[in-house]
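**Student:** Dropping a structure here in structure tokens format, bear with me for questions.
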Amino acid sequence: MHPSQAAGRDGRPSKAQPEETGERRPTPYVARLALCWVVWVLGIWVVAFLVGRFVPPERSRPFPRSPVETLATWDGVHYAHIAAHGYSDDKVDRLRRAFFPLYPFLARLAGGKAHAPFAGILLSQLCALGAALLLQREELRSRRGAPLRMTSDPGFWLLATPCSFFLGVFYAESLFLLLSLLTAFAWRERNGVLAASSGFLAGLTRPTAITLPALALPSLLGRGTGKTPLRAVVPLAAPLAGLGLYLLYTGVTFRDPLAYSSIMKVWGHHLTVPFLPLARDVAEVLGLRIPGPMAAPAPLEEALLRVLSTLGVVALVVLAWRKIDAADRAYLLLSLLLIVSREPATAVPRHEVALYPVFLLLARADLGRARPPLAIAFVACQVLLLVRHASWLWVA
């Protein structure tokens, strides 16, 4: 049996007919979510304008800055360079090969050499809208016609969570999130061509695409529905093909099959024991130290953010584990293990915001009356984090 026909939470097939899912009346929900997206986009540009005009950057950067310059800080600088000049074999520029090519290529294609950052920011924001609508569509299908409130809409939580501003700046997270959603949903709908093409493109966007094939694990293991034929899960190998193509290109360019790994080591990135970086952050928050080669103390507020982000995801998994399907659970678990195994841990909150099952969990968890105040707290935190990020005070 194909995974799209696997039993849902109530034991019935999860693939329902349109009249059972409310698909005939999604327009009010779409309009409401689109309005939320407009407010989110305007908020990002307003904050960028105010920060660029009135908040001097921490580092020696031009001041005042345009909103586009403000939203292209940190990794955005590297994406802007790649979009304008491509990759280089220079000893310094070669380090930019740590950034995968699809996102800067699309930014250059849309905006040209001069306006690639502006085009890339708009691309990210449109991808965020696409991802939010896909999440809402999935929730409408699962509710079988039940009304969808704002705080039970995963698309709303996607836009509200504290680090979702990364989906609206010159970063590749938004493109990767949309492509991973397309891969998962197309595969469930038996659209192998779309699943393979979007998965392949995801592999050219971020190295974390390596975990997308985990979507097939429950089907291959036969979770009570009979094993899925191997040919049915072949499309989920496409992310590995995209990832492998870029790694091969990098290896051939430098005549070193491990060139990408060497570049990441220069940046200071490597894998360690899962959750060890989180343990160090917890120790930092408690005023303790865990000895080790990567035990340099982190700013307290950054360590606290990483602890709250990861523990929040873990808490959602515990509260609503069975409210997402087995494929999403496998993908979330493997991705989370990869994220919490990376040193340094600075990018943990940013990587977690690109995991689409988190927002399904937020929509379906039994949070009760805590939902509205939690949403307000999330939005306020997002504004503060965007200001810090745009001021060159915080990188993730």
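How things are named: the first chain in the structure tokens is A, the next is B, and so on; residues count from 1 in each chain; ligands count from 1 in the order shown.
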With the cut-off set at 9 Å and counting only C-alpha atoms, tabulate each residue of segment 169-269 of chain A with an atom at most that distance from an atom of segment 73-85 of chain A, showing the nearest atom pair and its distance in Å to one decimal, ordered by chain and increasing number, as CSV.

**Tutor:**
```
residue,atom,partner,partner_atom,distance
A:Val169,CA,A:Gly76,CA,7.8
A:Phe170,CA,A:Gly76,CA,5.0
A:Tyr171,CA,A:Gly76,CA,5.9
A:Ala172,CA,A:Tyr79,CA,8.7
```

**Student:** Contacts between segment 48-55 of chain A and segment 94-195 of chain A, please, where a residue of segment 94-195 of chain A counts if it comes within 12 Å (with only C-alpha atoms); show its shortest atom pair and distance in Å to one decimal, rows by chain and ascending number, as JSON lines.

**Tutor:**
```
{"residue": "A:Ile121", "atom": "CA", "partner": "A:Ala48", "partner_atom": "CA", "distance": 11.9}
{"residue": "A:Phe165", "atom": "CA", "partner": "A:Ala48", "partner_atom": "CA", "distance": 11.1}
{"residue": "A:Gly168", "atom": "CA", "partner": "A:Ala48", "partner_atom": "CA", "distance": 11.0}
{"residue": "A:Val169", "atom": "CA", "partner": "A:Ala48", "partner_atom": "CA", "distance": 9.7}
```

**Student:** Contacts of segment 270-275 of chain A at 6 Å or less, counting only C-alpha atoms, minus same-chain residues fewer than 3 places along, as a CSV table (one decimal) with C-alpha atoms, in the first residue's frame?

**Tutor:**
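File produced: selection_14.csv:
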```
chain,number,residue,atom,x,y,z
A,278,LEU,CA,22.8,21.4,23.9
A,340,VAL,CA,21.9,18.9,17.6
A,341,SER,CA,25.1,17.1,16.6
A,342,ARG,CA,26.7,20.1,14.8
A,343,GLU,CA,29.4,22.2,16.3
```

**Student:** Quick one: pull the distance between atom CA of Pro162 of chain A and atom CA of Val379 of chain A, Å, one decimal.

**Tutor:**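 Going from atom CA of Pro162 of chain A over to atom CA of Val379 of chain A, I get 6.2 Å.
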
**Student:** As a PyMOL selection string, please: all residues of segment 194-288 of chain A that backbone DSSP puts in helix (DSSP H, G or I).

**Tutor:** chain A and resi 194-203+207-221+230-254+259-266+276-285

**Student:** With only C-alpha atoms as the atoms that count, which of A:Leu360, A:Gly287, A:Glu352, A:Arg96 lies nearest to Ile324 of chain A?

**Tutor:**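 Among the listed residues, the smallest separation from Ile324 of chain A belongs to A:Leu360.
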
**Student:** Can you list, as an mmCIF file with all heavy atoms, in the first residue's frame, every protein, DNA or RNA residue that comes within 10 Å of segment 29-41 of chain A when you count only C-alpha atoms, leaving out same-chain residues fewer than 4 positions away?

**Tutor:**
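And here is the file that came out, result19.cif:
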```cif
data_model
loop_
_atom_site.group_PDB
_atom_site.id
_atom_site.type_symbol
_atom_site.label_atom_id
_atom_site.label_comp_id
_atom_site.auth_asym_id
_atom_site.auth_seq_id
_atom_site.Cartn_x
_atom_site.Cartn_y
_atom_site.Cartn_z
ATOM 1 N N ARG A 25 -14.037 24.733 0.665
ATOM 2 C CA ARG A 25 -14.231 26.053 1.248
ATOM 3 C C ARG A 25 -12.963 26.572 1.938
ATOM 4 O O ARG A 25 -13.015 27.049 3.070
ATOM 5 C CB ARG A 25 -15.376 26.030 2.248
ATOM 6 C CG ARG A 25 -15.241 24.986 3.354
ATOM 7 C CD ARG A 25 -16.478 24.975 4.236
ATOM 8 N NE ARG A 25 -16.325 24.105 5.371
ATOM 9 C CZ ARG A 25 -15.768 24.457 6.529
ATOM 10 N NH1 ARG A 25 -15.283 25.664 6.680
ATOM 11 N NH2 ARG A 25 -15.680 23.601 7.524
ATOM 12 N N TRP A 45 10.210 44.516 6.624
ATOM 13 C CA TRP A 45 10.772 45.661 5.904
ATOM 14 C C TRP A 45 10.794 46.914 6.778
ATOM 15 O O TRP A 45 11.745 47.714 6.706
ATOM 16 C CB TRP A 45 9.984 45.916 4.625
ATOM 17 C CG TRP A 45 10.305 44.952 3.527
ATOM 18 C CD1 TRP A 45 9.553 43.906 3.095
ATOM 19 C CD2 TRP A 45 11.498 44.927 2.727
ATOM 20 N NE1 TRP A 45 10.183 43.236 2.081
ATOM 21 C CE2 TRP A 45 11.373 43.838 1.829
ATOM 22 C CE3 TRP A 45 12.641 45.708 2.679
ATOM 23 C CZ2 TRP A 45 12.359 43.521 0.895
ATOM 24 C CZ3 TRP A 45 13.627 45.398 1.749
ATOM 25 C CH2 TRP A 45 13.485 44.323 0.874
ATOM 26 N N VAL A 46 9.782 47.102 7.624
ATOM 27 C CA VAL A 46 9.771 48.260 8.528
ATOM 28 C C VAL A 46 10.910 48.169 9.531
ATOM 29 O O VAL A 46 11.627 49.150 9.777
ATOM 30 C CB VAL A 46 8.414 48.374 9.246
ATOM 31 C CG1 VAL A 46 8.486 49.382 10.394
ATOM 32 C CG2 VAL A 46 7.322 48.785 8.262
ATOM 33 N N LEU A 122 12.970 38.969 -1.819
ATOM 34 C CA LEU A 122 11.594 38.763 -2.273
ATOM 35 C C LEU A 122 11.316 37.289 -2.534
ATOM 36 O O LEU A 122 10.230 36.784 -2.217
ATOM 37 C CB LEU A 122 11.330 39.578 -3.541
ATOM 38 C CG LEU A 122 11.337 41.102 -3.387
ATOM 39 C CD1 LEU A 122 10.986 41.755 -4.726
ATOM 40 C CD2 LEU A 122 10.365 41.558 -2.310
ATOM 41 N N GLN A 125 10.696 35.569 0.753
ATOM 42 C CA GLN A 125 9.389 35.904 1.319
ATOM 43 C C GLN A 125 8.256 35.218 0.574
ATOM 44 O O GLN A 125 7.281 34.770 1.185
ATOM 45 C CB GLN A 125 9.225 37.428 1.329
ATOM 46 C CG GLN A 125 10.186 38.097 2.299
ATOM 47 C CD GLN A 125 10.243 39.607 2.158
ATOM 48 O OE1 GLN A 125 9.698 40.194 1.218
ATOM 49 N NE2 GLN A 125 10.940 40.266 3.090
ATOM 50 N N LEU A 126 8.386 35.082 -0.748
ATOM 51 C CA LEU A 126 7.371 34.360 -1.519
ATOM 52 C C LEU A 126 7.411 32.864 -1.212
ATOM 53 O O LEU A 126 6.369 32.205 -1.149
ATOM 54 C CB LEU A 126 7.587 34.613 -3.007
ATOM 55 C CG LEU A 126 7.230 36.020 -3.506
ATOM 56 C CD1 LEU A 126 7.662 36.193 -4.960
ATOM 57 C CD2 LEU A 126 5.731 36.285 -3.368
ATOM 58 N N ALA A 128 8.217 31.636 1.628
ATOM 59 C CA ALA A 128 7.573 31.509 2.934
ATOM 60 C C ALA A 128 6.063 31.448 2.793
ATOM 61 O O ALA A 128 5.384 30.667 3.475
ATOM 62 C CB ALA A 128 7.984 32.659 3.847
ATOM 63 N N LEU A 129 5.514 32.272 1.900
ATOM 64 C CA LEU A 129 4.073 32.230 1.656
ATOM 65 C C LEU A 129 3.673 30.872 1.084
ATOM 66 O O LEU A 129 2.681 30.271 1.524
ATOM 67 C CB LEU A 129 3.675 33.344 0.683
ATOM 68 C CG LEU A 129 2.207 33.341 0.227
ATOM 69 C CD1 LEU A 129 1.269 33.511 1.413
ATOM 70 C CD2 LEU A 129 1.967 34.428 -0.824
ATOM 71 N N GLY A 130 4.442 30.386 0.107
ATOM 72 C CA GLY A 130 4.136 29.077 -0.459
ATOM 73 C C GLY A 130 4.177 27.973 0.577
ATOM 74 O O GLY A 130 3.305 27.090 0.607
ATOM 75 N N ALA A 132 3.734 28.313 3.848
ATOM 76 C CA ALA A 132 2.614 28.491 4.778
ATOM 77 C C ALA A 132 1.316 27.959 4.175
ATOM 78 O O ALA A 132 0.520 27.307 4.862
ATOM 79 C CB ALA A 132 2.474 29.971 5.137
ATOM 80 N N LEU A 133 1.094 28.205 2.884
ATOM 81 C CA LEU A 133 -0.128 27.723 2.237
ATOM 82 C C LEU A 133 -0.135 26.203 2.117
ATOM 83 O O LEU A 133 -1.188 25.564 2.261
ATOM 84 C CB LEU A 133 -0.268 28.369 0.856
ATOM 85 C CG LEU A 133 -0.580 29.875 0.862
ATOM 86 C CD1 LEU A 133 -0.530 30.437 -0.556
ATOM 87 C CD2 LEU A 133 -1.933 30.156 1.501
ATOM 88 N N GLN A 136 -1.021 24.897 5.505
ATOM 89 C CA GLN A 136 -2.449 25.081 5.756
ATOM 90 C C GLN A 136 -3.277 24.052 4.988
ATOM 91 O O GLN A 136 -4.247 23.498 5.515
ATOM 92 C CB GLN A 136 -2.879 26.491 5.344
ATOM 93 C CG GLN A 136 -4.327 26.796 5.672
ATOM 94 C CD GLN A 136 -4.780 28.114 5.088
ATOM 95 O OE1 GLN A 136 -5.016 28.221 3.894
ATOM 96 N NE2 GLN A 136 -4.898 29.141 5.932
ATOM 97 N N ARG A 137 -2.892 23.792 3.746
ATOM 98 C CA ARG A 137 -3.601 22.791 2.945
ATOM 99 C C ARG A 137 -3.553 21.423 3.616
ATOM 100 O O ARG A 137 -4.564 20.714 3.672
ATOM 101 C CB ARG A 137 -2.972 22.719 1.551
ATOM 102 C CG ARG A 137 -3.556 21.647 0.648
ATOM 103 C CD ARG A 137 -2.893 21.713 -0.726
ATOM 104 N NE ARG A 137 -3.372 20.645 -1.601
ATOM 105 C CZ ARG A 137 -2.829 19.446 -1.691
ATOM 106 N NH1 ARG A 137 -1.771 19.138 -0.944
ATOM 107 N NH2 ARG A 137 -3.320 18.546 -2.516
ATOM 108 N N LEU A 140 -5.951 21.474 6.585
ATOM 109 C CA LEU A 140 -7.351 21.400 6.162
ATOM 110 C C LEU A 140 -7.739 19.971 5.778
ATOM 111 O O LEU A 140 -8.843 19.515 6.081
ATOM 112 C CB LEU A 140 -7.586 22.342 4.981
ATOM 113 C CG LEU A 140 -7.663 23.836 5.315
ATOM 114 C CD1 LEU A 140 -7.635 24.667 4.044
ATOM 115 C CD2 LEU A 140 -8.915 24.140 6.128
ATOM 116 N N PRO A 147 -13.614 23.435 11.469
ATOM 117 C CA PRO A 147 -13.134 24.810 11.270
ATOM 118 C C PRO A 147 -11.686 24.967 11.710
ATOM 119 O O PRO A 147 -11.227 24.331 12.655
ATOM 120 C CB PRO A 147 -14.075 25.644 12.152
ATOM 121 C CG PRO A 147 -14.622 24.689 13.160
ATOM 122 C CD PRO A 147 -14.708 23.363 12.455
ATOM 123 N N LEU A 148 -10.973 25.820 10.984
ATOM 124 C CA LEU A 148 -9.551 26.051 11.241
ATOM 125 C C LEU A 148 -9.381 27.432 11.847
ATOM 126 O O LEU A 148 -9.574 28.455 11.180
ATOM 127 C CB LEU A 148 -8.760 25.933 9.937
ATOM 128 C CG LEU A 148 -7.239 26.095 10.036
ATOM 129 C CD1 LEU A 148 -6.640 24.956 10.850
ATOM 130 C CD2 LEU A 148 -6.616 26.135 8.650
ATOM 131 N N ARG A 149 -9.033 27.496 13.126
ATOM 132 C CA ARG A 149 -8.800 28.783 13.777
ATOM 133 C C ARG A 149 -7.386 29.266 13.509
ATOM 134 O O ARG A 149 -6.516 28.500 13.110
ATOM 135 C CB ARG A 149 -9.037 28.650 15.287
ATOM 136 C CG ARG A 149 -10.473 28.322 15.658
ATOM 137 C CD ARG A 149 -10.661 28.271 17.163
ATOM 138 N NE ARG A 149 -12.068 28.076 17.521
ATOM 139 C CZ ARG A 149 -12.662 26.899 17.609
ATOM 140 N NH1 ARG A 149 -11.966 25.804 17.364
ATOM 141 N NH2 ARG A 149 -13.939 26.818 17.934
ATOM 142 N N MET A 150 -7.186 30.550 13.749
ATOM 143 C CA MET A 150 -5.875 31.150 13.486
ATOM 144 C C MET A 150 -4.768 30.404 14.221
ATOM 145 O O MET A 150 -3.735 30.053 13.638
ATOM 146 C CB MET A 150 -5.884 32.619 13.919
ATOM 147 C CG MET A 150 -4.560 33.331 13.727
ATOM 148 S SD MET A 150 -4.303 33.844 12.035
ATOM 149 C CE MET A 150 -5.391 35.263 11.979
ATOM 150 N N ASP A 153 -3.605 26.975 12.901
ATOM 151 C CA ASP A 153 -3.154 26.976 11.514
ATOM 152 C C ASP A 153 -1.627 26.874 11.496
ATOM 153 O O ASP A 153 -0.947 27.787 11.981
ATOM 154 C CB ASP A 153 -3.606 28.258 10.820
ATOM 155 C CG ASP A 153 -3.337 28.245 9.318
ATOM 156 O OD1 ASP A 153 -2.424 27.513 8.882
ATOM 157 O OD2 ASP A 153 -4.036 28.975 8.596
ATOM 158 N N PRO A 154 -1.050 25.789 10.982
ATOM 159 C CA PRO A 154 0.416 25.679 10.978
ATOM 160 C C PRO A 154 1.087 26.767 10.144
ATOM 161 O O PRO A 154 2.217 27.145 10.418
ATOM 162 C CB PRO A 154 0.662 24.290 10.389
ATOM 163 C CG PRO A 154 -0.573 23.961 9.628
ATOM 164 C CD PRO A 154 -1.694 24.610 10.371
ATOM 165 N N GLY A 155 0.372 27.269 9.126
ATOM 166 C CA GLY A 155 0.934 28.372 8.348
ATOM 167 C C GLY A 155 1.108 29.621 9.185
ATOM 168 O O GLY A 155 2.092 30.363 9.025
ATOM 169 N N PHE A 156 0.160 29.877 10.093
ATOM 170 C CA PHE A 156 0.286 31.021 10.996
ATOM 171 C C PHE A 156 1.491 30.858 11.911
ATOM 172 O O PHE A 156 2.276 31.791 12.111
ATOM 173 C CB PHE A 156 -0.994 31.169 11.831
ATOM 174 C CG PHE A 156 -0.847 32.099 12.999
ATOM 175 C CD1 PHE A 156 -0.846 33.472 12.821
ATOM 176 C CD2 PHE A 156 -0.673 31.594 14.287
ATOM 177 C CE1 PHE A 156 -0.688 34.333 13.904
ATOM 178 C CE2 PHE A 156 -0.519 32.440 15.372
ATOM 179 C CZ PHE A 156 -0.529 33.819 15.177
ATOM 180 N N LEU A 158 4.120 29.155 11.357
ATOM 181 C CA LEU A 158 5.340 29.312 10.565
ATOM 182 C C LEU A 158 5.785 30.765 10.534
ATOM 183 O O LEU A 158 6.976 31.071 10.649
ATOM 184 C CB LEU A 158 5.093 28.806 9.137
ATOM 185 C CG LEU A 158 6.204 29.071 8.124
ATOM 186 C CD1 LEU A 158 7.448 28.258 8.454
ATOM 187 C CD2 LEU A 158 5.728 28.763 6.709
ATOM 188 N N LEU A 159 4.829 31.682 10.390
ATOM 189 C CA LEU A 159 5.159 33.108 10.304
ATOM 190 C C LEU A 159 5.401 33.732 11.675
ATOM 191 O O LEU A 159 6.082 34.757 11.772
ATOM 192 C CB LEU A 159 4.026 33.862 9.603
ATOM 193 C CG LEU A 159 3.700 33.404 8.177
ATOM 194 C CD1 LEU A 159 2.487 34.158 7.653
ATOM 195 C CD2 LEU A 159 4.890 33.609 7.263
ATOM 196 N N ALA A 160 4.854 33.127 12.727
ATOM 197 C CA ALA A 160 4.914 33.743 14.052
ATOM 198 C C ALA A 160 6.119 33.333 14.875
ATOM 199 O O ALA A 160 6.557 34.094 15.743
ATOM 200 C CB ALA A 160 3.638 33.409 14.837
ATOM 201 N N SER A 164 11.410 32.827 12.553
ATOM 202 C CA SER A 164 10.891 32.748 11.195
ATOM 203 C C SER A 164 11.295 33.937 10.338
ATOM 204 O O SER A 164 11.143 33.892 9.116
ATOM 205 C CB SER A 164 9.364 32.604 11.210
ATOM 206 O OG SER A 164 8.755 33.761 11.714
ATOM 207 N N PHE A 165 11.855 34.988 10.942
ATOM 208 C CA PHE A 165 12.332 36.092 10.102
ATOM 209 C C PHE A 165 13.443 35.635 9.167
ATOM 210 O O PHE A 165 13.698 36.260 8.129
ATOM 211 C CB PHE A 165 12.820 37.263 10.967
ATOM 212 C CG PHE A 165 14.083 37.004 11.720
ATOM 213 C CD1 PHE A 165 15.321 37.224 11.130
ATOM 214 C CD2 PHE A 165 14.053 36.537 13.027
ATOM 215 C CE1 PHE A 165 16.503 36.986 11.824
ATOM 216 C CE2 PHE A 165 15.226 36.290 13.728
ATOM 217 C CZ PHE A 165 16.448 36.520 13.119
ATOM 218 N N GLY A 168 12.507 35.392 5.698
ATOM 219 C CA GLY A 168 12.198 36.624 4.964
ATOM 220 C C GLY A 168 13.395 37.501 4.729
ATOM 221 O O GLY A 168 13.241 38.665 4.353
ATOM 222 N N VAL A 169 14.607 36.982 4.950
ATOM 223 C CA VAL A 169 15.830 37.748 4.698
ATOM 224 C C VAL A 169 16.627 37.030 3.605
ATOM 225 O O VAL A 169 16.149 36.073 2.997
ATOM 226 C CB VAL A 169 16.652 37.917 5.992
ATOM 227 C CG1 VAL A 169 15.842 38.668 7.047
ATOM 228 C CG2 VAL A 169 17.102 36.568 6.545
ATOM 229 N N VAL A 379 5.878 36.496 18.534
ATOM 230 C CA VAL A 379 6.021 37.636 17.614
ATOM 231 C C VAL A 379 6.932 38.697 18.215
ATOM 232 O O VAL A 379 7.804 39.253 17.533
ATOM 233 C CB VAL A 379 4.645 38.220 17.264
ATOM 234 C CG1 VAL A 379 4.794 39.521 16.482
ATOM 235 C CG2 VAL A 379 3.828 37.217 16.458
#
```

**Student:** Which residues, written as a compact mmCIF listing (two decimals) with N, CA, C and O atoms, in the first residue's frame, have at least one atom at most 9 Å from Ser180 of chain A, with only C-alpha atoms counted and residues fewer than 4 positions away on the same chain left out?

**Tutor:**
```
# COMPACT_ATOMS: atom_id res chain seq x y z
N LEU A 175 13.64 28.89 0.86
CA LEU A 175 13.62 28.07 -0.35
C LEU A 175 13.71 26.59 0.01
O LEU A 175 12.98 25.76 -0.55
N PHE A 176 14.60 26.26 0.94
CA PHE A 176 14.73 24.85 1.33
C PHE A 176 13.45 24.34 1.99
O PHE A 176 13.02 23.21 1.72
N ALA A 184 7.83 16.22 0.19
CA ALA A 184 7.03 15.34 1.05
C ALA A 184 5.59 15.22 0.56
O ALA A 184 5.04 14.10 0.47
N PHE A 185 4.96 16.34 0.22
CA PHE A 185 3.56 16.30 -0.16
C PHE A 185 3.37 15.67 -1.54
O PHE A 185 2.40 14.95 -1.76
N SER A 198 11.68 18.40 -6.97
CA SER A 198 11.80 19.30 -5.83
C SER A 198 12.85 18.79 -4.85
O SER A 198 13.60 19.56 -4.25
N GLY A 199 12.93 17.46 -4.68
CA GLY A 199 13.96 16.90 -3.81
C GLY A 199 15.35 17.15 -4.34
O GLY A 199 16.28 17.47 -3.59
N ALA A 202 16.19 20.67 -3.66
CA ALA A 202 16.49 20.84 -2.23
C ALA A 202 17.92 20.42 -1.94
O ALA A 202 18.61 21.05 -1.12
N ALA A 209 19.43 18.60 3.29
CA ALA A 209 18.56 17.77 2.45
C ALA A 209 18.92 16.30 2.57
O ALA A 209 18.14 15.44 2.14
N LEU A 212 16.06 14.16 3.98
CA LEU A 212 14.75 14.02 3.34
C LEU A 212 14.39 12.58 2.99
O LEU A 212 13.21 12.20 3.08
N ALA A 354 13.41 25.49 9.71
CA ALA A 354 13.22 24.92 8.37
C ALA A 354 12.67 23.51 8.41
O ALA A 354 12.57 22.86 7.37
N LEU A 355 12.28 23.02 9.59
CA LEU A 355 11.70 21.68 9.74
C LEU A 355 10.18 21.80 9.74
O LEU A 355 9.57 22.15 10.76
N TYR A 356 9.54 21.49 8.63
CA TYR A 356 8.11 21.73 8.51
C TYR A 356 7.27 20.93 9.52
O TYR A 356 6.20 21.41 9.95
```

**Student:** Show me, as a list in words, the residues that have an atom within 12 Å of Val234 of chain A when counting only C-alpha atoms, minus same-chain residues fewer than 4 positions from it.

**Tutor:**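 Listing them by chain and then by number gives Trp187, Arg190, Asn191, Gly192, Val193, Ala195, Ala196, Ser197, Gly199, Phe200, Pro213, Ala214, Leu215, Ala216, Leu217, Ser219, Leu220, Thr228, Pro229, Leu230, Ala238, Pro239, Leu240 and Ala241 of chain A.
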
**Student:** With only C-alpha atoms as the basis for distance, which of A:Ala186, A:Pro257, A:Leu201, A:Thr70 is at the shortest distance from Val233 of chain A?

**Tutor:**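 Checking each candidate against Val233 of chain A, we get A:Ala186 as the closest.
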
**Student:** Taking only C-alpha atoms into account, which of A:Ala237, A:Val317, A:Leu194, A:Cys163 comes nearest Ala330 of chain A?

**Tutor:** A:Val317

**Student:** For each of A:Asp366, A:Arg97, A:Asp281, A:Ala303, take the minimum atom-to-atom distance to Ser262 of chain A, counting only C-alpha atoms, then give the residue where this is smallest.

**Tutor:**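 Between A:Asp366, A:Arg97, A:Asp281, A:Ala303, the residue approaching Ser262 of chain A most closely is A:Arg97.
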
**Student:** Compare A:Val395, A:Val383, A:Arg108, A:Val313 by their minimum atom-to-atom distance to Leu337 of chain A, counting only C-alpha atoms, and give me the closest one.

**Tutor:**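 That would be A:Val313, the residue with the smallest distance to Leu337 of chain A.
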